[in-house]
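Peer 1: The structure is given below, and queries will be raised subsequently.
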Amino acid sequence: MKPAPFGYVRAGSLDEALDALRQHGPEARIVAGGQSLMPMLNMRLTKPAMLVDVMRIAALQEPRLEKGALVVPAGVRQAILLERPRLADDLPLLAAALPWVGHLQTRARGTLCGSVAHADPSAEIPLCLVALEGEVRLRSRRKARRVAAEAFFTGMMVTEKADDEMIEAIAYPLRRRDTGYAFAEVGRRHGDFAIVACAAVVDGTRMRLAIGGVADRPTARDFPRLDGSALDDALNAFAWDLAAGDDLHATARYRRDLVRSLGRRVLEDAARVAKGETDREDPPCRS
Amino acid sequence: MPQLDAKGRHMVAFTLNGRPATVEVETRTLLTDALRHGLGATGTHVGCEHGVCGACTISIDGVPARACLTLAVGIEGCAIRTVEGLAPEPGRLGILQAAFRRRHALQCGFCTAGILMSLDAYLARRPSPSRREITEVIGGHLCRCTGYAPIIEAALEAAAELRGEGPAPAPWENAHA
């Protein structure tokens with residue numbers, strides 16, 4: 001199908017983009033790489049009156065390190081970040097998860113901030129942001145503000161962002177010492193939406209598990225260091241609390257089962273990495 | 001700040017397979033339709049129109065992209081490459097295309113243009129890909145005829161030829177030599 005008609009602004013600067021958002025308010029949508037928004041437009045699931053293209057804004061193109069975090073501005077494509085030489089050292093969780101985002105051909109265009117703005121509950125990029133306790137940096141003509149990732153996602157494709165705001169950047173806290181990270185997901189095929197995606201962060205005192213594809217938003221829970229049946233019980237309680245539903249792809253029961261089994265596996269993987277044991281023998285293709 | 005209205009028609013200028021091109025489009029026109037209807041370049045196929053099947057894959061500034069998820073007004077000034085740009089001259093196949101023919105890497109051909117463009121962009125950046133890498137590239141495409149195996153063989157063979165190693169003979173070609 002084809003999109004309904006819309007006006008189009010090619011913003012040359014952040015201020016121009018924010019002016020367009022102020023002017024058009026709820027009728028406007030930011031378009032960056034287009035890999036989430038364009039399918040929605042083609043299927044007419046959304047019909048904005050105005051698109052604001054931010055991909056020509058030079059100031060939003062470069063990821064940068066800043067006070068213990070990697071700041072990823074709105075124009076950074078997923079493939080560009082995957083090619084960053086120190087990504088696996090600085091952000092091992094994101095380096096493990098990004099190859100699961102769509103396909104090489106969509107990662108070449110899609111941005112990280114675009115995926116966060118789209119807020120699909122099964123998406124890997126928002127999941128990692130929640131798992132790592134990152135933040136979303138919002139800006140409008142009125143003000144700039146920073147929102148913790150867990151507070152940003154408020155429902156299925158619904159976020160804390162106001163109509164005149166755009167995501168200027170997201171910030172992922174860098175790898176901490178003596179901390180292990182692990183990611184895994186189950187989907188029908190590689191590149192499909194995840195049925196369940198799991199991201200784990202484990203250090204000496206805490207195990208943090210973030211789950212995508214089950215609740216209406218990426219959801220994390222912190223546990224003390226558990227093992228054996230205590231860990232099974234904690235994961236079972238978490239799985240039920242996520243209020244899984246049935247859909248065409250999987251039943252609620254299967255999703256809960258994946259939270260228990262895959263969740264346990266990523267927590268154990270992350271715990272091994274935290275202890276300094278090397279993990280997985282077969283890394284996914286890096287491109 | 002260029003602002004284009006919803007109802008009007010707008011000129012977009014870019015290069016198509018190395019030559020300057022302009023096309024008149026609406027803001028909502030997809031690049032697939034701009035190429036096929038606006039410029040008559042029907043080598044780029046339209047399958048699912050939501051980025052999943054890969055039939056419309058082209059290259060934009062050297063990287064593969066879904067033309068159906070690209071607005072024509074967004075490619076002003078970009079270098080676009082489509083399947084029409086692969087052959088060195090009319091009536092001759094490019095190295096990748098010839099390998100596809102040798103290896104029976106297509107049947108109906110609907111998905112082929114997109115797969116060729118993904119592989120063309122990938123091999124330009126990584127001349128010595130592993131079988132696993134090629135499998136990953138092909139993973140972004142749906143083909144209902146071949147089962148993918150001959151496509152992967154063709155891609156590896158074309159990569160070797162592009163590196164100057166010459167095409168490996170097919171197993172049956174030496175059987176009775």
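Ordering of the structure tokens sets the chain letters (A, B, ...), residue numbers begin anew at 1 in every chain, and ligands are numbered from 1 in the order given.
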Can you tell me which residues surround region 120-137 of chain B at a distance of at most 7 Å, considering only C-alpha atoms, apart from same-chain residues fewer than 3 positions away, and format the answer as a PDB file with all heavy atoms, in the first residue's frame?

Peer 2:
ATOM      1  N   LEU A 104      20.606  -6.876   7.868  1.00  0.00           N
ATOM      2  CA  LEU A 104      21.670  -5.981   7.427  1.00  0.00           C
ATOM      3  C   LEU A 104      21.124  -4.816   6.600  1.00  0.00           C
ATOM      4  O   LEU A 104      21.538  -3.676   6.744  1.00  0.00           O
ATOM      5  CB  LEU A 104      22.634  -6.837   6.601  1.00  0.00           C
ATOM      6  CG  LEU A 104      23.788  -6.228   5.887  1.00  0.00           C
ATOM      7  CD1 LEU A 104      25.044  -6.983   6.285  1.00  0.00           C
ATOM      8  CD2 LEU A 104      23.617  -6.315   4.388  1.00  0.00           C
ATOM      9  N   CYS A 285      27.256 -12.667  13.089  1.00  0.00           N
ATOM     10  CA  CYS A 285      27.894 -11.839  12.055  1.00  0.00           C
ATOM     11  C   CYS A 285      27.848 -10.372  12.462  1.00  0.00           C
ATOM     12  O   CYS A 285      26.819  -9.872  12.867  1.00  0.00           O
ATOM     13  CB  CYS A 285      27.152 -12.060  10.749  1.00  0.00           C
ATOM     14  SG  CYS A 285      27.739 -11.091   9.395  1.00  0.00           S
TER      15      CYS A 285
ATOM     16  N   SER B  59      20.929   0.129  -3.704  1.00  0.00           N
ATOM     17  CA  SER B  59      21.952   0.708  -2.844  1.00  0.00           C
ATOM     18  C   SER B  59      21.867   2.220  -2.887  1.00  0.00           C
ATOM     19  O   SER B  59      21.647   2.818  -3.941  1.00  0.00           O
ATOM     20  CB  SER B  59      23.326   0.151  -3.223  1.00  0.00           C
ATOM     21  OG  SER B  59      24.184   1.153  -3.629  1.00  0.00           O
ATOM     22  N   GLY B  62      26.082   3.572  -1.529  1.00  0.00           N
ATOM     23  CA  GLY B  62      26.941   2.417  -1.288  1.00  0.00           C
ATOM     24  C   GLY B  62      26.443   1.426  -0.261  1.00  0.00           C
ATOM     25  O   GLY B  62      27.076   0.394  -0.056  1.00  0.00           O
ATOM     26  N   VAL B  63      25.322   1.713   0.406  1.00  0.00           N
ATOM     27  CA  VAL B  63      24.807   0.735   1.370  1.00  0.00           C
ATOM     28  C   VAL B  63      23.424   0.254   0.928  1.00  0.00           C
ATOM     29  O   VAL B  63      22.651   1.017   0.355  1.00  0.00           O
ATOM     30  CB  VAL B  63      24.748   1.282   2.816  1.00  0.00           C
ATOM     31  CG1 VAL B  63      26.129   1.643   3.307  1.00  0.00           C
ATOM     32  CG2 VAL B  63      23.820   2.463   2.921  1.00  0.00           C
ATOM     33  N   PRO B  64      23.132  -1.034   1.198  1.00  0.00           N
ATOM     34  CA  PRO B  64      21.850  -1.567   0.748  1.00  0.00           C
ATOM     35  C   PRO B  64      20.694  -0.940   1.519  1.00  0.00           C
ATOM     36  O   PRO B  64      20.834  -0.589   2.686  1.00  0.00           O
ATOM     37  CB  PRO B  64      21.963  -3.067   1.048  1.00  0.00           C
ATOM     38  CG  PRO B  64      23.000  -3.176   2.107  1.00  0.00           C
ATOM     39  CD  PRO B  64      23.945  -2.024   1.905  1.00  0.00           C
ATOM     40  N   LEU B 116      20.725  -9.476  -5.684  1.00  0.00           N
ATOM     41  CA  LEU B 116      21.939  -9.034  -6.377  1.00  0.00           C
ATOM     42  C   LEU B 116      22.454  -7.717  -5.793  1.00  0.00           C
ATOM     43  O   LEU B 116      23.657  -7.542  -5.601  1.00  0.00           O
ATOM     44  CB  LEU B 116      21.654  -8.864  -7.878  1.00  0.00           C
ATOM     45  CG  LEU B 116      21.481 -10.149  -8.681  1.00  0.00           C
ATOM     46  CD1 LEU B 116      20.943  -9.825 -10.073  1.00  0.00           C
ATOM     47  CD2 LEU B 116      22.808 -10.902  -8.792  1.00  0.00           C
ATOM     48  N   MET B 117      21.539  -6.794  -5.498  1.00  0.00           N
ATOM     49  CA  MET B 117      21.982  -5.489  -5.003  1.00  0.00           C
ATOM     50  C   MET B 117      22.556  -5.589  -3.595  1.00  0.00           C
ATOM     51  O   MET B 117      23.536  -4.922  -3.267  1.00  0.00           O
ATOM     52  CB  MET B 117      20.826  -4.480  -5.050  1.00  0.00           C
ATOM     53  CG  MET B 117      20.313  -4.177  -6.443  1.00  0.00           C
ATOM     54  SD  MET B 117      21.624  -3.948  -7.666  1.00  0.00           S
ATOM     55  CE  MET B 117      22.394  -2.443  -7.071  1.00  0.00           C
ATOM     56  N   GLY B 140      18.169 -11.380   4.697  1.00  0.00           N
ATOM     57  CA  GLY B 140      17.299 -10.222   4.533  1.00  0.00           C
ATOM     58  C   GLY B 140      16.429 -10.289   3.291  1.00  0.00           C
ATOM     59  O   GLY B 140      15.884  -9.274   2.867  1.00  0.00           O
ATOM     60  N   ILE B 152      23.777 -18.856  -2.374  1.00  0.00           N
ATOM     61  CA  ILE B 152      24.992 -18.735  -1.554  1.00  0.00           C
ATOM     62  C   ILE B 152      26.204 -19.228  -2.344  1.00  0.00           C
ATOM     63  O   ILE B 152      27.269 -18.596  -2.342  1.00  0.00           O
ATOM     64  CB  ILE B 152      24.794 -19.507  -0.230  1.00  0.00           C
ATOM     65  CG1 ILE B 152      23.719 -18.793   0.603  1.00  0.00           C
ATOM     66  CG2 ILE B 152      26.108 -19.620   0.540  1.00  0.00           C
ATOM     67  CD1 ILE B 152      23.156 -19.625   1.730  1.00  0.00           C
ATOM     68  N   ALA B 159      32.437 -13.889  -5.570  1.00  0.00           N
ATOM     69  CA  ALA B 159      33.440 -13.217  -4.730  1.00  0.00           C
ATOM     70  C   ALA B 159      34.838 -13.676  -5.124  1.00  0.00           C
ATOM     71  O   ALA B 159      35.762 -12.863  -5.246  1.00  0.00           O
ATOM     72  CB  ALA B 159      33.156 -13.503  -3.252  1.00  0.00           C
ATOM     73  N   ARG B 163      37.860 -11.451  -6.790  1.00  0.00           N
ATOM     74  CA  ARG B 163      39.198 -11.361  -6.181  1.00  0.00           C
ATOM     75  C   ARG B 163      40.279 -11.787  -7.163  1.00  0.00           C
ATOM     76  O   ARG B 163      41.462 -11.774  -6.827  1.00  0.00           O
ATOM     77  CB  ARG B 163      39.284 -12.267  -4.937  1.00  0.00           C
ATOM     78  CG  ARG B 163      38.465 -11.809  -3.756  1.00  0.00           C
ATOM     79  CD  ARG B 163      38.875 -12.566  -2.483  1.00  0.00           C
ATOM     80  NE  ARG B 163      38.750 -14.018  -2.603  1.00  0.00           N
ATOM     81  CZ  ARG B 163      37.666 -14.719  -2.271  1.00  0.00           C
ATOM     82  NH1 ARG B 163      36.602 -14.085  -1.812  1.00  0.00           N
ATOM     83  NH2 ARG B 163      37.643 -16.021  -2.388  1.00  0.00           N
TER      84      ARG B 163
END

Peer 1: Give me, as an MDAnalysis selection string, the contact residues of chain B against chain A at a cut-off of 8 Å, counting only C-alpha atoms.

Peer 2: chainID B and resid 1:7 27:30 49:51 57 63:66 69:70 74 118 132:133 136:137 139:140

Peer 1: Could you pull the residues within 10 Å of Pro218 (chain A), counting only C-alpha atoms, minus those fewer than 6 positions along the same chain, as a tab-separated table (two decimals) with N, CA, C and O atoms, in the first residue's frame?

Peer 2:
chain	number	residue	atom	x	y	z
A	119	ALA	N	9.11	2.47	19.98
A	119	ALA	CA	8.72	1.79	21.23
A	119	ALA	C	7.92	0.52	21.01
A	119	ALA	O	6.94	0.25	21.71
A	120	ASP	N	8.36	-0.28	20.04
A	120	ASP	CA	7.77	-1.61	19.91
A	120	ASP	C	8.19	-2.44	21.13
A	120	ASP	O	9.37	-2.48	21.46
A	121	PRO	N	7.25	-3.11	21.79
A	121	PRO	CA	7.61	-3.83	23.02
A	121	PRO	C	8.57	-4.99	22.81
A	121	PRO	O	9.17	-5.47	23.78
A	122	SER	N	8.73	-5.46	21.56
A	122	SER	CA	9.65	-6.58	21.34
A	122	SER	C	11.00	-6.12	20.79
A	122	SER	O	11.86	-6.95	20.51
A	123	ALA	N	11.23	-4.82	20.66
A	123	ALA	CA	12.44	-4.33	20.00
A	123	ALA	C	13.66	-4.42	20.91
A	123	ALA	O	13.57	-4.21	22.12
A	124	GLU	N	14.80	-4.74	20.31
A	124	GLU	CA	16.03	-4.99	21.07
A	124	GLU	C	16.68	-3.71	21.59
A	124	GLU	O	17.27	-3.70	22.68
A	125	ILE	N	16.63	-2.63	20.79
A	125	ILE	CA	17.36	-1.41	21.16
A	125	ILE	C	16.75	-0.76	22.42
A	125	ILE	O	17.48	-0.42	23.35
A	126	PRO	N	15.41	-0.63	22.50
A	126	PRO	CA	14.82	-0.14	23.75
A	126	PRO	C	15.09	-1.10	24.92
A	126	PRO	O	15.33	-0.65	26.05
A	127	LEU	N	15.08	-2.40	24.65
A	127	LEU	CA	15.30	-3.38	25.72
A	127	LEU	C	16.68	-3.18	26.35
A	127	LEU	O	16.82	-3.18	27.58
A	128	CYS	N	17.70	-2.99	25.51
A	128	CYS	CA	19.05	-2.79	26.05
A	128	CYS	C	19.13	-1.49	26.83
A	128	CYS	O	19.83	-1.40	27.85
A	129	LEU	N	18.41	-0.47	26.36
A	129	LEU	CA	18.43	0.82	27.07
A	129	LEU	C	17.84	0.66	28.47
A	129	LEU	O	18.36	1.22	29.45
A	130	VAL	N	16.78	-0.13	28.59
A	130	VAL	CA	16.16	-0.38	29.89
A	130	VAL	C	17.08	-1.26	30.75
A	130	VAL	O	17.30	-0.98	31.93
A	131	ALA	N	17.65	-2.30	30.14
A	131	ALA	CA	18.50	-3.22	30.91
A	131	ALA	C	19.70	-2.47	31.50
A	131	ALA	O	20.11	-2.73	32.63
A	149	ALA	N	15.25	5.49	31.05
A	149	ALA	CA	14.64	4.60	30.06
A	149	ALA	C	13.39	3.93	30.62
A	149	ALA	O	12.37	3.80	29.93
A	150	GLU	N	13.45	3.47	31.88
A	150	GLU	CA	12.30	2.74	32.43
A	150	GLU	C	11.06	3.60	32.55
A	150	GLU	O	9.95	3.09	32.51
A	153	PHE	N	9.27	4.49	28.49
A	153	PHE	CA	8.32	3.61	27.80
A	153	PHE	C	7.09	3.43	28.68
A	153	PHE	O	7.18	2.89	29.78
A	154	THR	N	5.92	3.89	28.20
A	154	THR	CA	4.74	3.88	29.06
A	154	THR	C	3.66	2.92	28.57
A	154	THR	O	2.64	2.76	29.21
A	155	GLY	N	3.87	2.28	27.42
A	155	GLY	CA	2.88	1.33	26.93
A	155	GLY	C	3.27	0.86	25.55
A	155	GLY	O	4.36	1.17	25.07
A	156	MET	N	2.39	0.08	24.94
A	156	MET	CA	2.64	-0.44	23.59
A	156	MET	C	2.78	0.72	22.60
A	156	MET	O	1.80	1.42	22.31
A	197	ALA	N	12.59	-11.58	24.10
A	197	ALA	CA	14.00	-11.17	24.09
A	197	ALA	C	14.43	-10.92	25.53
A	197	ALA	O	13.67	-10.37	26.32
A	198	CYS	N	15.65	-11.37	25.86
A	198	CYS	CA	16.15	-11.28	27.24
A	198	CYS	C	17.51	-10.58	27.27
A	198	CYS	O	18.39	-10.94	26.48
A	210	ALA	N	16.05	-7.96	31.91
A	210	ALA	CA	15.07	-7.16	31.17
A	210	ALA	C	14.46	-8.04	30.09
A	210	ALA	O	15.17	-8.78	29.41
A	211	ILE	N	13.13	-7.96	29.95
A	211	ILE	CA	12.39	-8.82	29.02
A	211	ILE	C	11.65	-7.97	28.01
A	211	ILE	O	10.94	-7.02	28.37
A	212	GLY	N	11.79	-8.33	26.74
A	212	GLY	CA	11.02	-7.69	25.67
A	212	GLY	C	10.06	-8.70	25.05
A	212	GLY	O	10.30	-9.91	25.10
A	242	LEU	N	4.49	-10.31	34.18
A	242	LEU	CA	4.56	-9.62	32.89
A	242	LEU	C	3.24	-9.70	32.12
A	242	LEU	O	3.09	-9.06	31.08

Peer 1: Pick out the closest residue to Ala55 (chain B) from this set: B:Leu156, B:Leu119, B:Ala113, B:Ala98. Count only C-alpha atoms.

Peer 2: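 The answer is B:Ala113, which sits nearest to Ala55 (chain B).
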
Peer 1: According to DSSP computed on the backbone, where in region 81-263 of chain A is there strand (DSSP E)? Give the residues as a PyMOL selection string.

Peer 2: chain A and resi 135-139+144-148+153-155+158-159+166-173+180-187+194-202+206-212+219-224

Peer 1: Compile the contact shell of Ala79 (chain B) as a ChimeraX atom specification: residues with an atom at most 12 Å away, counting only C-alpha atoms, same-chain residues fewer than 4 positions apart removed.

Peer 2: /B:13-21,58-64,74-75,85

Peer 1: Using C-alpha atoms, can you export the residues from the last selection as a PDB file, in the first residue's frame?

Peer 2:
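That gives us out.pdb:
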ATOM      1  CA  ALA B  13      17.692  15.168  -8.418  1.00  0.00           C
ATOM      2  CA  PHE B  14      20.144  12.330  -7.733  1.00  0.00           C
ATOM      3  CA  THR B  15      22.446  10.009  -9.637  1.00  0.00           C
ATOM      4  CA  LEU B  16      21.091   6.703 -10.905  1.00  0.00           C
ATOM      5  CA  ASN B  17      23.746   4.132 -11.774  1.00  0.00           C
ATOM      6  CA  GLY B  18      26.298   6.901 -12.238  1.00  0.00           C
ATOM      7  CA  ARG B  19      24.179   9.170 -14.415  1.00  0.00           C
ATOM      8  CA  PRO B  20      22.324  12.313 -13.305  1.00  0.00           C
ATOM      9  CA  ALA B  21      18.585  11.725 -12.967  1.00  0.00           C
ATOM     10  CA  ILE B  58      18.831  -1.101  -3.980  1.00  0.00           C
ATOM     11  CA  SER B  59      21.952   0.708  -2.844  1.00  0.00           C
ATOM     12  CA  ILE B  60      21.928   4.287  -1.557  1.00  0.00           C
ATOM     13  CA  ASP B  61      25.381   5.880  -1.270  1.00  0.00           C
ATOM     14  CA  GLY B  62      26.941   2.417  -1.288  1.00  0.00           C
ATOM     15  CA  VAL B  63      24.807   0.735   1.370  1.00  0.00           C
ATOM     16  CA  PRO B  64      21.850  -1.567   0.748  1.00  0.00           C
ATOM     17  CA  GLY B  74      14.564  11.958   0.826  1.00  0.00           C
ATOM     18  CA  ILE B  75      17.207  10.897  -1.701  1.00  0.00           C
ATOM     19  CA  GLY B  85      23.660  -0.770 -13.154  1.00  0.00           C
TER      20      GLY B  85
END

Peer 1: Could you jot down the CA of Arg255 (chain A) to CA of Asp222 (chain A) separation for me, Å, one decimal place?

Peer 2: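 Computing the Euclidean distance for CA of Arg255 (chain A) and CA of Asp222 (chain A) yields 19.6 Å.
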
Peer 1: So, with only C-alpha atoms as the atoms that count, which of A:Leu226, A:Val72, A:Ala199, A:Val31 lies closest to Gly263 (chain A)?

Peer 2: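 When distances to Gly263 (chain A) are compared using only C-alpha atoms, the smallest one comes from A:Ala199.
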
Peer 1: Tell me, in Å to one decimal, how far CA of Leu86 (chain B) is from CA of Ala155 (chain B).

Peer 2: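 Taking CA of Leu86 (chain B) and CA of Ala155 (chain B), their separation equals 14.2 Å.
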
Peer 1: Mind checking DSSP for region 59-151 of chain B and telling me the alpha helix (DSSP H) residues as an MDAnalysis selection string?

Peer 2: chainID B and resid 95:102 112:125 131:138 149:151

Peer 1: Report the distance between CA of Glu165 (chain A) and CA of Glu135 (chain A) in Å, rounded to one decimal place.

Peer 2: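 Distance between the two atoms: 15.1 Å.
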
Peer 1: Within 6 Å of Ile195 (chain A), counting only C-alpha atoms, which residues show up once you throw out same-chain ones fewer than 2 positions away? Write them as a PyMOL selection string, please.

Peer 2: chain A and resi 186-187+213

Peer 1: Create the file for the chosen residues now, containing all heavy atoms and written as a tab-separated table (two decimals), in the first residue's frame.

Peer 2:
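Okay, this is what ended up in part-v9.tsv:
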chain	number	residue	atom	x	y	z
A	186	VAL	N	14.23	-15.37	21.15
A	186	VAL	CA	13.60	-16.39	20.32
A	186	VAL	C	12.61	-15.69	19.39
A	186	VAL	O	11.79	-14.89	19.83
A	186	VAL	CB	12.86	-17.43	21.19
A	186	VAL	CG1	11.95	-18.29	20.34
A	186	VAL	CG2	13.86	-18.31	21.93
A	187	GLY	N	12.75	-15.94	18.10
A	187	GLY	CA	11.80	-15.44	17.11
A	187	GLY	C	11.54	-16.54	16.10
A	187	GLY	O	12.18	-17.59	16.14
A	213	GLY	N	8.97	-8.22	24.47
A	213	GLY	CA	8.06	-9.07	23.72
A	213	GLY	C	6.96	-9.70	24.55
A	213	GLY	O	6.13	-10.44	24.00

Peer 1: Which polymer residues have any atom within 8 Å of an atom of Val25 (chain B), counting only C-alpha atoms, with same-chain residues fewer than 2 positions away left out, as a compact mmCIF listing (two decimals) with N, CA, C and O atoms, in the first residue's frame?

Peer 2:
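Result file follows (part07.txt):
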# COMPACT_ATOMS: atom_id res chain seq x y z
N ARG B 9 3.69 18.56 -6.69
CA ARG B 9 4.69 17.64 -7.23
C ARG B 9 6.03 18.34 -7.16
O ARG B 9 6.12 19.55 -7.33
N HIS B 10 7.06 17.56 -6.88
CA HIS B 10 8.36 18.13 -6.57
C HIS B 10 9.44 17.42 -7.35
O HIS B 10 9.39 16.21 -7.53
N MET B 11 10.43 18.18 -7.81
CA MET B 11 11.53 17.58 -8.55
C MET B 11 12.60 17.10 -7.57
O MET B 11 12.99 17.82 -6.66
N VAL B 12 13.08 15.89 -7.78
CA VAL B 12 14.18 15.34 -6.97
C VAL B 12 15.32 15.00 -7.92
O VAL B 12 15.09 14.36 -8.96
N VAL B 23 13.42 13.27 -11.16
CA VAL B 23 12.10 12.66 -11.26
C VAL B 23 11.12 13.55 -10.49
O VAL B 23 11.47 14.16 -9.47
N THR B 27 5.33 14.13 -2.23
CA THR B 27 6.13 13.87 -1.02
C THR B 27 5.98 12.42 -0.58
O THR B 27 6.90 11.84 -0.03
N ARG B 28 4.79 11.85 -0.81
CA ARG B 28 4.54 10.49 -0.30
C ARG B 28 5.02 9.40 -1.25
O ARG B 28 4.85 8.22 -0.97
N THR B 29 5.56 9.77 -2.41
CA THR B 29 5.97 8.75 -3.38
C THR B 29 7.14 7.93 -2.85
O THR B 29 8.15 8.48 -2.42
N ALA B 34 8.94 5.82 -7.70
CA ALA B 34 9.66 6.86 -8.45
C ALA B 34 10.54 6.21 -9.51
O ALA B 34 10.62 6.67 -10.65
N GLY B 38 8.18 6.63 -12.46
CA GLY B 38 8.71 7.94 -12.86
C GLY B 38 9.82 7.82 -13.88
O GLY B 38 9.92 8.62 -14.80
N ALA B 72 11.04 9.11 -1.97
CA ALA B 72 11.81 9.65 -3.09
C ALA B 72 12.34 11.04 -2.76
O ALA B 72 13.47 11.38 -3.12
N VAL B 73 11.55 11.85 -2.05
CA VAL B 73 12.03 13.21 -1.72
C VAL B 73 13.22 13.18 -0.77
O VAL B 73 13.92 14.18 -0.62
